[in-house]
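Take a look at the structure below.
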Amino acid sequence: LNSLVGIADSGMDGYANEHKRISQKVKREYGDTNPHRICHILVREAQHSLEGLKEICAYIGDKLGMQTMAVGPIKKPSQALLKSEKKYGGDPLLVTDYCRASLFVKDVASLLALIEIVLSKYANIVRRIKLSKLKCDHSALTGGYRDCKINLDIDGHICELQVHLISMWLIKEGKGYTHYKDCRDHNVDVSSFDISKTLTGLEREVL
């Protein structure tokens, strides 16, 4: 896994100064349209692409004998707008999970088999395979979660296939996801934190 190279994988998705290598298609009609309206348009596109994503998930699931998968829900315009503001400088075109689905694999070998199926069957619509979060030399998501993301262009709209390792997902479905969400919502930059300055002035008895 550590030796594999993803597709259009910057390795820093959602972080400061990241240059995301994929986006929704730029259209002339967006020129005089505000971001909130663009989100509504992209949600309609996502609804149109959902059936195609379901078919892809069903094909992959059948090939790998998967028992569980989750498709949707479509991201709401308000959610997409908030995500674009928090992660992408307000650009709703950089949100690529309006239409999304989740597949669950038991181990890394199954994940690699899934990627092989995607590349052999759907290579012409693959826009990104993000593996970096699963590699030991890359930091995990806030809260420690790791997964693989595959973005596919379905009918002109980029959708997201999230591939989860079952062992990680079981933690997420417990208190793990709550921890992740709390860390994400209350994220603080501690890179310049200086404990000595914080303690300056406190009485010795307090310390």
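We label chains A, B, ... in the order they appear in the structure tokens, count residues from 1 in each chain, and number ligands from 1 in the order shown.
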
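All residues in range 14-142 of chain A with a DSSP state of strand (DSSP E or B), computed from the backbone, read Met69, Ala70, Val71, Arg100, Ala101, Ser102, Leu103, Phe104, Val105, Val126, Arg127, Arg128, Ile129 and Lys130 of chain A.
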
Applying 12 Å and only C-alpha atoms, which residues near range 41-50 of chain A remain after dropping the ones on its own chain fewer than 2 positions away? List them as a PyMOL selection string. chain A and resi 23-27+29-30+33-39+52-57+70-81+92-101+152-161

Within 12 Å of Val163 in chain A, counting only C-alpha atoms, which residues show up once you throw out same-chain ones fewer than 2 positions away? Write them as a VMD selection string, please. chain A and resid 57 60 to 61 68 to 71 100 to 108 110 to 115 118 129 to 131 133 to 134 146 to 151 160 to 161 165 to 166 168 to 169

One decimal, in Å: what's the spacing between CA of Tyr59 in chain A and CA of Ile22 in chain A?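 Computing it gives 24.6 Å between the two atoms.
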